[in-house]
file model36.tsv (TSV, C-alpha atoms and all ligand atoms)
chain	number	residue	atom	x	y	z
Q	157	MET	CA	0.67	26.96	-3.10
Q	158	ASN	CA	2.40	23.63	-3.44
Q	159	ILE	CA	1.18	22.48	-6.82
Q	160	GLU	CA	3.20	19.70	-8.36
Q	161	MET	CA	4.11	20.10	-12.01
Q	162	THR	CA	4.14	16.90	-14.02
Q	163	ASP	CA	6.29	16.08	-17.00
Q	164	GLN	CA	3.32	16.87	-19.21
Q	165	LYS	CA	4.36	20.49	-19.48
Q	166	ALA	CA	2.63	22.97	-17.21
Q	167	LYS	CA	-0.08	20.52	-16.15
Q	168	VAL	CA	-0.59	20.20	-12.42
Q	169	ASN	CA	-1.15	16.87	-10.71
Q	170	LEU	CA	-4.29	16.87	-8.57
Q	171	LEU	CA	-3.56	13.51	-6.91
Q	172	GLY	CA	-1.15	14.90	-4.31
Q	173	MET	CA	-3.08	18.06	-3.46
Q	174	PRO	CA	-4.53	18.32	0.02
Q	175	ARG	CA	-7.91	20.02	0.35
Q	176	HIS	CA	-6.56	23.51	1.08
Q	177	THR	CA	-4.34	23.39	-2.01
Q	178	LEU	CA	-7.20	22.14	-4.18
Q	179	LEU	CA	-9.37	24.98	-2.85
Q	180	ASN	CA	-6.71	27.47	-3.92
Q	181	PHE	CA	-6.39	25.74	-7.26
Q	182	PHE	CA	-10.13	26.00	-8.03
Q	183	GLU	CA	-10.20	29.57	-6.83
Q	184	SER	CA	-7.25	30.41	-9.08
Q	185	ILE	CA	-9.15	29.16	-12.13
Q	186	GLY	CA	-12.33	31.02	-11.17
Q	187	GLU	CA	-14.31	28.02	-9.90
Q	188	LYS	CA	-16.40	27.52	-6.75
Q	189	PRO	CA	-14.66	26.06	-3.68
Q	190	PHE	CA	-17.04	23.06	-3.40
Q	191	ARG	CA	-15.41	21.64	-6.53
Q	192	ALA	CA	-12.39	20.78	-4.38
Q	193	LYS	CA	-14.47	18.36	-2.29
Q	194	GLN	CA	-16.15	16.84	-5.34
Q	195	VAL	CA	-12.88	16.26	-7.14
Q	196	MET	CA	-11.26	14.84	-4.00
Q	197	GLN	CA	-14.07	12.31	-3.70
Q	198	TRP	CA	-13.77	11.29	-7.33
Q	199	ILE	CA	-10.03	10.84	-7.12
Q	200	HIS	CA	-9.64	9.23	-3.74
Q	201	GLN	CA	-12.98	7.63	-2.88
Q	202	TYR	CA	-13.91	6.41	-6.36
Q	203	GLY	CA	-10.35	5.93	-7.66
Q	204	VAL	CA	-11.03	7.89	-10.83
Q	205	HIS	CA	-8.19	9.21	-13.00
Q	206	ASP	CA	-10.24	10.24	-16.01
Q	207	PHE	CA	-12.05	13.57	-15.72
Q	208	ASP	CA	-14.82	12.28	-18.01
Q	209	GLU	CA	-15.99	9.93	-15.28
Q	210	MET	CA	-16.74	12.83	-12.95
Q	211	SER	CA	-20.46	12.90	-13.69
Q	212	ASN	CA	-21.42	15.76	-11.36
Q	213	ILE	CA	-18.91	18.09	-13.02
Q	214	SER	CA	-20.00	19.96	-16.12
Q	215	LYS	CA	-18.49	19.08	-19.49
Q	216	VAL	CA	-17.09	22.60	-19.77
Q	217	LEU	CA	-15.23	22.34	-16.47
Q	218	ARG	CA	-14.06	18.82	-17.26
Q	219	SER	CA	-12.43	19.93	-20.51
Q	220	LYS	CA	-10.91	22.93	-18.73
Q	221	LEU	CA	-9.45	20.59	-16.11
Q	222	LYS	CA	-8.09	18.26	-18.79
Q	223	LYS	CA	-6.20	21.13	-20.37
Q	224	ILE	CA	-4.43	22.21	-17.22
Q	225	SER	CA	-4.24	19.19	-14.93
Q	226	VAL	CA	-3.77	15.44	-14.62
Q	227	ILE	CA	-4.45	12.76	-12.01
Q	228	SER	CA	-1.32	10.70	-12.10
Q	229	GLY	CA	0.18	8.18	-9.65
Q	230	PRO	CA	2.96	5.63	-9.68
Q	231	GLU	CA	2.47	2.63	-11.93
Q	232	ILE	CA	2.06	-0.85	-10.42
Q	233	ILE	CA	4.62	-3.04	-12.15
Q	234	TYR	CA	4.44	-6.07	-9.90
Q	235	GLN	CA	2.25	-7.42	-7.16
Q	236	ASP	CA	2.38	-10.48	-5.01
Q	237	VAL	CA	0.37	-12.03	-2.23
Q	238	SER	CA	1.89	-14.01	0.59
Q	239	SER	CA	0.50	-17.29	1.91
Q	240	ASP	CA	-0.48	-15.31	5.05
Q	241	GLY	CA	-2.51	-12.75	3.06
Q	242	THR	CA	0.13	-9.98	3.09
Q	243	ARG	CA	0.21	-8.16	-0.23
Q	244	LYS	CA	3.13	-6.37	-1.76
Q	245	TRP	CA	3.22	-3.97	-4.68
Q	246	VAL	CA	6.22	-2.64	-6.54
Q	247	MET	CA	5.40	0.74	-8.03
Q	248	LYS	CA	7.42	2.46	-10.71
Q	249	LEU	CA	8.06	6.19	-10.49
Q	250	PRO	CA	8.85	8.69	-13.20
Q	251	GLY	CA	12.61	8.57	-13.73
Q	252	GLY	CA	12.75	4.78	-13.50
Q	253	SER	CA	13.16	3.99	-9.79
Q	254	SER	CA	10.57	2.07	-7.83
Q	255	VAL	CA	9.16	1.77	-4.31
Q	256	GLU	CA	7.49	-1.04	-2.44
Q	257	THR	CA	4.24	-0.89	-0.51
Q	258	VAL	CA	2.90	-3.62	1.75
Q	259	LEU	CA	-0.60	-4.35	3.11
Q	260	ILE	CA	-0.88	-6.49	6.22
Q	261	PRO	CA	-4.42	-7.76	6.94
Q	262	GLU	CA	-5.22	-8.74	10.54
Q	263	GLY	CA	-8.87	-9.42	11.38
Q	264	ASN	CA	-10.86	-6.22	10.75
Q	265	ARG	CA	-7.72	-4.23	10.31
Q	266	GLY	CA	-5.64	-3.66	7.18
Q	267	THR	CA	-2.34	-1.87	7.72
Q	268	LEU	CA	-0.67	-0.28	4.73
Q	269	CYS	CA	3.05	0.19	5.13
Q	270	ILE	CA	4.14	2.98	2.82
Q	271	SER	CA	7.40	4.51	1.65
Q	272	SER	CA	8.32	8.19	1.78
Q	273	GLN	CA	11.65	8.15	-0.06
Q	274	VAL	CA	13.42	6.07	-2.68
Q	275	GLY	CA	16.15	4.52	-0.57
Q	276	CYS	CA	17.21	6.19	2.66
Q	277	THR	CA	20.01	8.44	3.91
Q	278	LEU	CA	20.09	7.06	7.46
Q	279	ASP	CA	22.20	3.94	6.93
Q	280	CYS	CA	21.00	2.13	10.05
Q	281	ARG	CA	23.20	-0.91	10.59
Q	282	PHE	CA	20.35	-3.44	10.67
Q	283	CYS	CA	18.32	-2.20	7.68
Q	284	SER	CA	18.75	-3.41	4.12
Q	285	THR	CA	16.98	-0.36	2.67
Q	286	GLY	CA	19.85	1.81	3.93
Q	287	LYS	CA	22.32	-0.37	2.08
Q	288	GLN	CA	20.70	0.63	-1.24
Q	289	GLY	CA	21.70	4.26	-0.75
Q	290	PHE	CA	19.44	7.23	-1.36
Q	291	ASN	CA	17.82	8.29	-4.59
Q	292	ARG	CA	15.21	10.98	-3.88
Q	293	ASN	CA	12.17	12.14	-1.93
Q	294	LEU	CA	8.74	11.04	-3.09
Q	295	SER	CA	6.26	13.74	-4.08
Q	296	SER	CA	2.96	13.90	-2.19
Q	297	ALA	CA	1.26	12.33	-5.24
Q	298	GLU	CA	3.71	9.43	-5.11
Q	299	ILE	CA	3.05	8.91	-1.41
Q	300	VAL	CA	-0.75	9.13	-1.67
Q	301	GLY	CA	-0.50	7.18	-4.93
Q	302	GLN	CA	0.52	4.14	-2.89
Q	303	ILE	CA	-2.82	3.97	-1.05
Q	304	TRP	CA	-4.69	4.99	-4.21
Q	305	ASN	CA	-3.07	2.17	-6.19
Q	306	ALA	CA	-3.39	-0.38	-3.41
Q	307	LEU	CA	-7.15	0.23	-3.24
Q	308	ALA	CA	-7.48	0.13	-7.00
Q	309	SER	CA	-6.02	-3.36	-7.08
Q	310	PHE	CA	-8.97	-4.68	-5.05
Q	311	GLU	CA	-11.44	-4.98	-7.86
Q	312	ASP	CA	-14.74	-6.01	-6.33
Q	313	ILE	CA	-14.96	-3.74	-3.33
Q	314	ASP	CA	-17.01	-0.80	-2.25
Q	315	ARG	CA	-14.05	1.52	-1.66
Q	316	VAL	CA	-15.78	3.60	0.99
Q	317	ASN	CA	-17.54	0.92	3.05
Q	318	ASP	CA	-15.40	-2.20	2.71
Q	319	ARG	CA	-12.22	-0.48	3.85
Q	320	PRO	CA	-9.48	-3.03	3.25
Q	321	ILE	CA	-7.07	-0.31	4.47
Q	322	THR	CA	-7.84	1.04	7.95
Q	323	ASN	CA	-4.33	1.92	9.13
Q	324	VAL	CA	-1.33	3.55	7.52
Q	325	VAL	CA	2.23	3.41	8.83
Q	326	PHE	CA	5.26	5.19	7.38
Q	327	MET	CA	7.45	2.15	7.91
Q	328	GLY	CA	8.38	1.37	4.33
Q	329	MET	CA	11.42	2.90	2.73
Q	330	GLY	CA	12.82	6.23	3.82
Q	331	GLU	CA	12.73	8.68	6.70
Q	332	PRO	CA	9.37	10.49	6.51
Q	333	LEU	CA	10.55	13.48	8.53
Q	334	PHE	CA	13.33	14.14	6.00
Q	335	ASN	CA	10.57	14.65	3.42
Q	336	PHE	CA	8.48	16.82	5.68
Q	337	ASP	CA	6.30	18.95	3.37
Q	338	ASN	CA	5.31	16.15	1.03
Q	339	VAL	CA	4.59	13.76	3.89
Q	340	MET	CA	2.44	16.41	5.62
Q	341	ASP	CA	0.43	16.96	2.42
Q	342	ALA	CA	-0.01	13.22	1.92
Q	343	ILE	CA	-1.12	12.75	5.54
Q	344	SER	CA	-3.61	15.55	5.23
Q	345	ILE	CA	-5.20	13.77	2.24
Q	346	MET	CA	-5.19	10.37	3.93
Q	347	MET	CA	-6.98	11.77	6.98
Q	348	ASP	CA	-9.48	13.87	4.99
Q	349	ASP	CA	-13.12	12.75	5.17
Q	350	PHE	CA	-13.45	13.51	1.46
Q	351	ALA	CA	-10.61	11.09	0.78
Q	352	TYR	CA	-9.57	8.10	2.94
Q	353	SER	CA	-10.77	9.13	6.45
Q	354	ILE	CA	-7.86	7.41	8.17
Q	355	SER	CA	-8.11	8.38	11.83
Q	356	LYS	CA	-5.30	10.15	13.65
Q	357	LYS	CA	-4.89	7.12	15.90
Q	358	ARG	CA	-4.47	4.85	12.92
Q	359	LEU	CA	-1.99	6.90	10.95
Q	360	THR	CA	1.52	6.55	12.30
Q	361	ILE	CA	4.65	8.42	11.33
Q	362	SER	CA	7.64	6.27	12.15
Q	363	THR	CA	10.89	8.15	12.63
Q	364	ALA	CA	14.48	7.38	13.52
Q	365	GLY	CA	14.40	10.67	15.44
Q	366	VAL	CA	14.67	13.87	13.42
Q	367	VAL	CA	14.25	16.14	16.44
Q	368	PRO	CA	13.78	19.55	14.74
Q	369	ALA	CA	11.01	18.03	12.59
Q	370	ILE	CA	9.28	16.43	15.60
Q	371	ASP	CA	9.45	19.83	17.32
Q	372	ARG	CA	7.34	21.41	14.59
Q	373	LEU	CA	5.15	18.40	13.77
Q	374	GLY	CA	2.30	19.60	15.98
Q	375	GLU	CA	1.83	22.71	13.83
Q	376	PHE	CA	0.90	20.49	10.88
Q	377	THR	CA	-0.71	17.28	12.11
Q	378	ASP	CA	-2.02	15.28	15.05
Q	379	ALA	CA	-1.09	11.90	13.61
Q	380	SER	CA	0.43	9.22	15.85
Q	381	ILE	CA	4.15	8.78	16.22
Q	382	ALA	CA	6.47	5.80	16.42
Q	383	VAL	CA	10.13	6.10	17.31
Q	384	SER	CA	12.67	3.61	16.06
Q	385	LEU	CA	14.68	3.51	19.27
Q	386	HIS	CA	16.37	0.07	19.12
Q	387	ALA	CA	18.84	0.81	21.93
Q	388	PRO	CA	18.59	2.00	25.54
Q	389	ASN	CA	21.76	4.16	25.59
Q	390	ASP	CA	23.58	6.57	23.29
Q	391	GLU	CA	26.67	4.44	22.89
Q	392	LEU	CA	24.76	1.50	21.42
Q	393	ARG	CA	22.29	3.68	19.52
Q	394	ASN	CA	25.11	5.65	17.88
Q	395	GLU	CA	26.25	2.36	16.42
Q	396	LEU	CA	22.83	1.08	15.31
Q	397	VAL	CA	21.21	4.37	14.24
Q	398	PRO	CA	23.95	6.86	13.23
Q	399	LEU	CA	21.43	9.74	13.31
Q	400	ASN	CA	21.64	9.42	17.10
Q	401	LYS	CA	25.02	11.20	17.05
Q	402	LYS	CA	23.18	14.32	15.92
Q	403	TYR	CA	20.03	13.92	18.03
Q	404	PRO	CA	20.80	11.83	21.11
Q	405	ILE	CA	18.20	9.80	23.02
Q	406	LYS	CA	17.32	12.28	25.81
Q	407	MET	CA	16.77	15.08	23.30
Q	408	LEU	CA	14.66	12.77	21.13
Q	409	LEU	CA	12.43	11.47	23.91
Q	410	SER	CA	11.81	14.93	25.30
Q	411	SER	CA	10.77	16.17	21.85
Q	412	VAL	CA	8.38	13.19	21.46
Q	413	LYS	CA	6.94	13.85	24.91
Q	414	GLN	CA	6.22	17.45	23.99
Q	415	TYR	CA	4.53	16.41	20.78
Q	416	LEU	CA	2.24	14.03	22.71
Q	417	ALA	CA	1.51	16.65	25.38
Q	418	GLN	CA	0.01	19.10	22.90
Q	419	LEU	CA	-2.36	16.54	21.31
Q	420	SER	CA	-6.00	16.89	22.32
Q	421	ASP	CA	-6.21	13.28	23.54
Q	422	LYS	CA	-4.03	11.08	25.70
Q	423	ARG	CA	-2.03	9.30	23.05
Q	424	LYS	CA	0.97	7.07	23.53
Q	425	ALA	CA	4.02	6.95	21.31
Q	426	THR	CA	5.07	3.56	19.97
Q	427	ILE	CA	8.65	2.69	20.79
Q	428	GLU	CA	10.02	0.32	18.19
Q	429	TYR	CA	12.83	-1.88	19.35
Q	430	ILE	CA	14.49	-4.36	17.04
Q	431	LEU	CA	15.85	-7.31	18.99
Q	432	ILE	CA	19.28	-8.40	17.77
Q	433	ALA	CA	20.72	-11.50	19.41
Q	434	GLY	CA	23.42	-10.65	21.95
Q	435	LYS	CA	23.48	-7.00	20.90
Q	436	ASN	CA	20.55	-5.27	22.61
Q	437	ASP	CA	18.40	-8.11	23.98
Q	438	ARG	CA	19.97	-8.81	27.39
Q	439	LYS	CA	18.65	-8.14	30.88
Q	440	ASN	CA	20.84	-5.05	31.32
Q	441	HIS	CA	19.37	-3.58	28.13
Q	442	ALA	CA	15.83	-4.25	29.34
Q	443	ASP	CA	16.63	-2.65	32.72
Q	444	GLU	CA	18.08	0.44	31.04
Q	445	LEU	CA	15.08	0.70	28.71
Q	446	ILE	CA	12.66	0.41	31.62
Q	447	GLU	CA	14.32	3.39	33.34
Q	448	LEU	CA	14.70	5.42	30.17
Q	449	LEU	CA	11.02	5.31	29.23
Q	450	ARG	CA	9.63	5.98	32.72
Q	451	ASP	CA	8.19	9.45	31.97
Q	452	LEU	CA	7.10	8.88	28.40
Q	453	PRO	CA	3.52	7.80	27.64
Q	454	CYS	CA	4.35	4.87	25.38
Q	455	LYS	CA	3.87	1.28	24.37
Q	456	ILE	CA	6.70	-0.87	23.15
Q	457	ASN	CA	6.76	-2.91	19.97
Q	458	LEU	CA	9.53	-5.49	19.81
Q	459	ILE	CA	10.67	-6.49	16.33
Q	460	PRO	CA	12.81	-9.61	16.05
Q	461	PHE	CA	15.62	-8.70	13.64
Q	462	ASN	CA	15.03	-9.93	10.09
Q	463	PRO	CA	18.39	-11.13	8.84
Q	464	PHE	CA	19.66	-10.26	5.36
Q	465	PRO	CA	22.92	-11.24	3.65
Q	466	GLY	CA	25.94	-9.42	5.02
Q	467	SER	CA	24.17	-7.80	7.99
Q	468	GLY	CA	26.42	-9.52	10.50
Q	469	TYR	CA	23.55	-9.69	13.01
Q	470	LYS	CA	21.46	-12.59	14.23
Q	471	LYS	CA	17.82	-12.97	15.09
Q	472	PRO	CA	17.14	-13.98	18.72
Q	473	SER	CA	15.28	-17.22	19.43
Q	474	ASN	CA	11.57	-17.08	20.25
Q	475	SER	CA	12.29	-17.76	23.90
Q	476	GLU	CA	14.81	-14.88	24.04
Q	477	VAL	CA	12.22	-12.57	22.51
Q	478	LYS	CA	9.58	-13.75	24.99
Q	479	ARG	CA	12.01	-13.26	27.86
Q	480	PHE	CA	12.72	-9.64	26.85
Q	481	GLN	CA	9.00	-9.00	26.45
Q	482	ASP	CA	8.27	-10.41	29.90
Q	483	TRP	CA	10.86	-8.15	31.57
Q	484	LEU	CA	9.14	-5.10	30.06
Q	485	ILE	CA	5.62	-6.29	30.82
Q	486	TYR	CA	6.62	-7.03	34.40
Q	487	ALA	CA	7.86	-3.44	34.68
Q	488	GLY	CA	4.41	-2.23	33.58
Q	489	TYR	CA	4.87	-1.51	29.87
Q	490	ILE	CA	2.37	-2.57	27.23
Q	491	THR	CA	4.71	-4.63	25.07
Q	492	THR	CA	3.87	-6.42	21.86
Q	493	VAL	CA	6.01	-8.49	19.53
Q	494	ARG	CA	5.68	-7.84	15.83
Q	495	THR	CA	5.22	-11.14	14.07
Q	496	THR	CA	6.97	-11.42	10.77
Q	497	ARG	CA	4.50	-11.23	7.92
Q	498	GLY	CA	4.94	-11.68	4.22
Q	499	ASP	CA	8.36	-13.29	4.65
Q	500	ASP	CA	7.85	-15.49	1.60
Q	501	ILE	CA	7.37	-12.45	-0.68
Q	502	ASP	CA	10.19	-10.35	0.85
Q	503	ALA	CA	7.69	-7.97	2.38
Q	504	ALA	CA	8.99	-8.13	5.97
Q	505	CYS	CA	10.54	-5.16	7.79
Q	506	GLY	CA	13.88	-4.11	6.44
Q	507	GLN	CA	13.47	-6.24	3.34
Q	508	LEU	CA	11.98	-3.55	1.15
Q	509	VAL	CA	14.24	-2.49	-1.65
Q	510	GLY	CA	13.82	0.03	-4.40
Q	511	GLN	CA	15.05	-1.91	-7.37
Q	512	VAL	CA	13.33	-4.55	-9.38
Q	513	GLU	CA	15.68	-7.48	-9.61
Q	514	ASP	CA	15.02	-10.89	-11.06
Q	515	ARG	CA	11.59	-11.79	-9.90
Q	516	THR	CA	10.96	-14.61	-12.32
Q	517	ARG	CA	10.42	-17.22	-9.65
Q	518	ARG	CA	8.01	-15.07	-7.72
Q	519	ASN	CA	6.27	-13.95	-10.88
Q	520	GLU	CA	5.56	-17.56	-11.67
Q	521	ARG	CA	4.07	-18.06	-8.24
Q	522	TYR	CA	2.03	-14.90	-8.58
Q	523	ILE	CA	0.58	-16.12	-11.86
Q	524	LYS	CA	-0.23	-19.44	-10.23
Q	525	LEU	CA	-2.12	-17.72	-7.40
Q	526	HIS	CA	-3.86	-15.60	-9.95
Q	527	GLU	CA	-5.09	-18.66	-11.79
Q	528	GLN	CA	-6.37	-20.13	-8.54
Q	529	GLY	CA	-8.34	-16.95	-8.00
Q	530	SER	CA	-6.63	-15.96	-4.76
Q	531	VAL	CA	-5.42	-12.64	-6.15
Q	532	SER	CA	-7.90	-10.09	-7.38
Q	601	LIG	N1	12.95	5.79	8.89
Q	601	LIG	C1	11.78	5.41	9.61
Q	601	LIG	C2	10.83	4.49	8.86
Q	601	LIG	C3	11.44	3.33	8.10
Q	601	LIG	S1	11.99	1.95	9.05
Q	601	LIG	C4	12.18	4.81	10.93
Q	601	LIG	O1	13.37	4.65	11.19
Q	601	LIG	O2	11.31	4.56	11.76
Q	601	LIG	C5	10.61	1.02	9.37
Q	601	LIG	C6	10.79	-0.01	10.50
Q	601	LIG	O3	11.43	-1.20	10.02
Q	601	LIG	C7	11.63	0.53	11.61
Q	601	LIG	O4	11.15	0.26	12.87
Q	601	LIG	C8	12.92	-0.20	11.35
Q	601	LIG	O5	13.68	-0.14	12.43
Q	601	LIG	C9	12.42	-1.58	10.93
Q	601	LIG	N2	13.46	-2.42	10.33
Q	601	LIG	C10	14.40	-2.05	9.46
Q	601	LIG	N3	15.22	-3.07	9.18
Q	601	LIG	C11	14.80	-4.13	9.86
Q	601	LIG	C12	15.24	-5.50	9.97
Q	601	LIG	N4	16.30	-5.97	9.31
Q	601	LIG	N5	14.54	-6.32	10.79
Q	601	LIG	C13	13.46	-5.88	11.45
Q	601	LIG	N6	13.01	-4.60	11.39
Q	601	LIG	C14	13.66	-3.74	10.60
call {"tool": "encode", "arguments": {"input": "model36.tsv", "output": "structure tokens", "more": "lines below"}}
Ligand code: SAH
result
Amino acid sequence: MNIEMTDQKAKVNLLGMPRHTLLNFFESIGEKPFRAKQVMQWIHQYGVHDFDEMSNISKVLRSKLKKISVISGPEIIYQDVSSDGTRKWVMKLPGGSSVETVLIPEGNRGTLCISSQVGCTLDCRFCSTGKQGFNRNLSSAEIVGQIWNALASFEDIDRVNDRPITNVVFMGMGEPLFNFDNVMDAISIMMDDFAYSISKKRLTISTAGVVPAIDRLGEFTDASIAVSLHAPNDELRNELVPLNKKYPIKMLLSSVKQYLAQLSDKRKATIEYILIAGKNDRKNHADELIELLRDLPCKINLIPFNPFPGSGYKKPSNSEVKRFQDWLIYAGYITTVRTTRGDDIDAACGQLVGQVEDRTRRNERYIKLHEQGSVS
């Protein structure tokens, strides 16, 4: 049983427990299994962290639970909302580090971009998160805590029916497949009908390509998968994504193909491809990519590189992006371009960092928005 101990000695944290673990937990304390579903609903659907609010649970059981367990997530220390509606939260973790979580609203859809690690070990050349180094893996409570907290910050909503969060992507900080067990537990909670009911098509694990983990992914989940490819050949990918030296492209794509093949529906992988001016955005790169992806059920998402100080790379112009997209579309691939969102609050891809630096200027703006009533 994977029961997380908290710093409050010997108390277990129920926030990060998937249903099967909660069932074991209630069984181990001599309680009926249906308590697991009730408690899950209180925690995740009603956002409760105080056992006394759980009105369909007897006082005796509530005080028993208080003695042995807690419901504890990361603490929101900062939030901001972009002029385009993108929201960003900085959440503090026990031990002092912090992670960032972003919500991107688009019509009926709300996509929450969550982190799985503090920092990252991958050191991809184009990513500022990698430049921060690696601190540690997040626990399942800290991963689920990001959606739990994000929902709690919408005050006047019906958490079950209004659904400001319909999609979850593991595209914040970290490599989710290097934190396998905790990410699997968190996913199981997010997809659970007694918690957030995120559908398998709307929950996407984004990976730089940890092949052994992709090979066993199907035993644990049927979530969707995105691959951060970024280059059409090993030579270039070795430079951009150093993990490629260990798990080269052919090996990676064949592992992804096998994962898709054992799903019960016909799902496509998302191939993420950052476009860096002059580096991987030329006709020869498009041609190589077109050949490479021939046998893989996939759609392609192009991400214009977001520059950051010292990266040494440039963003292509809009017409260069469009040109690359057209080459792929002409070859028959569904190809979208990710528009940059939340740029003004540093919430765009590759801009998420784990430390809280001087945010005075943005804090002032946040307070201003708050006064105008545009932040709940
Ligand atoms: N480790 C996982 C998830 C984190 S990266 C992975 O590699 O998929 C999340 C996404 O942000 C990836 O597609 C990544 O390539 C992209 N990204 C990182 N830095 C970026 C930058 N400077 N500009 C645009 N996209 C970036």
call {"tool": "residues_near_point", "arguments": {"input": "model36.tsv", "point": "(10.7, 4.1, 4.7)", "cutoff": "12 Å", "atoms": "only C-alpha atoms", "output": "number ranges by chain"}}
result
Q: 255-258, 269-280, 283-286, 290, 292-294, 299, 325-335, 339, 361-364, 384, 505-510
call {"tool": "axis_aligned_box", "arguments": {"input": "model36.tsv", "around": "ligand LIG 601 (chain Q)", "padding_each_side": "3 Å", "output": "lines of an AutoDock Vina configuration file"}}
result
center_x = 13.5
center_y = -0.3
center_z = 10.5
size_x = 11.7
size_y = 18.1
size_z = 10.8
call {"tool": "residues_around", "arguments": {"input": "model36.tsv", "residues": "Asp349 (chain Q)", "least_positions_apart": "6", "cutoff": "10 Å", "atoms": "all atoms listed in the file", "output": "MDAnalysis selection string"}}
result
chainID Q and resid 193 196:197 201 355
call {"tool": "closest_residue", "arguments": {"input": "model36.tsv", "among": "Q:Thr267, Q:Gln302, Q:Ser211, Q:Ser353", "to": "Ser254 (chain Q)", "atoms": "all atoms listed in the file"}}
result
Q:Gln302
call {"tool": "residues_near_point", "arguments": {"input": "model36.tsv", "point": "(23.7, 7.2, 23.5)", "cutoff": "9 Å", "atoms": "all atoms listed in the file", "output": "CSV table (one decimal) with C-alpha atoms, keeping the file's coordinate frame"}}
result
chain,number,residue,atom,x,y,z
Q,387,ALA,CA,18.8,0.8,21.9
Q,388,PRO,CA,18.6,2.0,25.5
Q,389,ASN,CA,21.8,4.2,25.6
Q,390,ASP,CA,23.6,6.6,23.3
Q,391,GLU,CA,26.7,4.4,22.9
Q,392,LEU,CA,24.8,1.5,21.4
Q,393,ARG,CA,22.3,3.7,19.5
Q,394,ASN,CA,25.1,5.6,17.9
Q,395,GLU,CA,26.2,2.4,16.4
Q,400,ASN,CA,21.6,9.4,17.1
Q,401,LYS,CA,25.0,11.2,17.0
Q,404,PRO,CA,20.8,11.8,21.1
Q,405,ILE,CA,18.2,9.8,23.0
Q,406,LYS,CA,17.3,12.3,25.8
call {"tool": "closest_residue", "arguments": {"input": "model36.tsv", "among": "Q:Pro320, Q:Asp337, Q:Phe350, Q:Glu183", "to": "Trp198 (chain Q)", "atoms": "only C-alpha atoms"}}
result
Q:Phe350
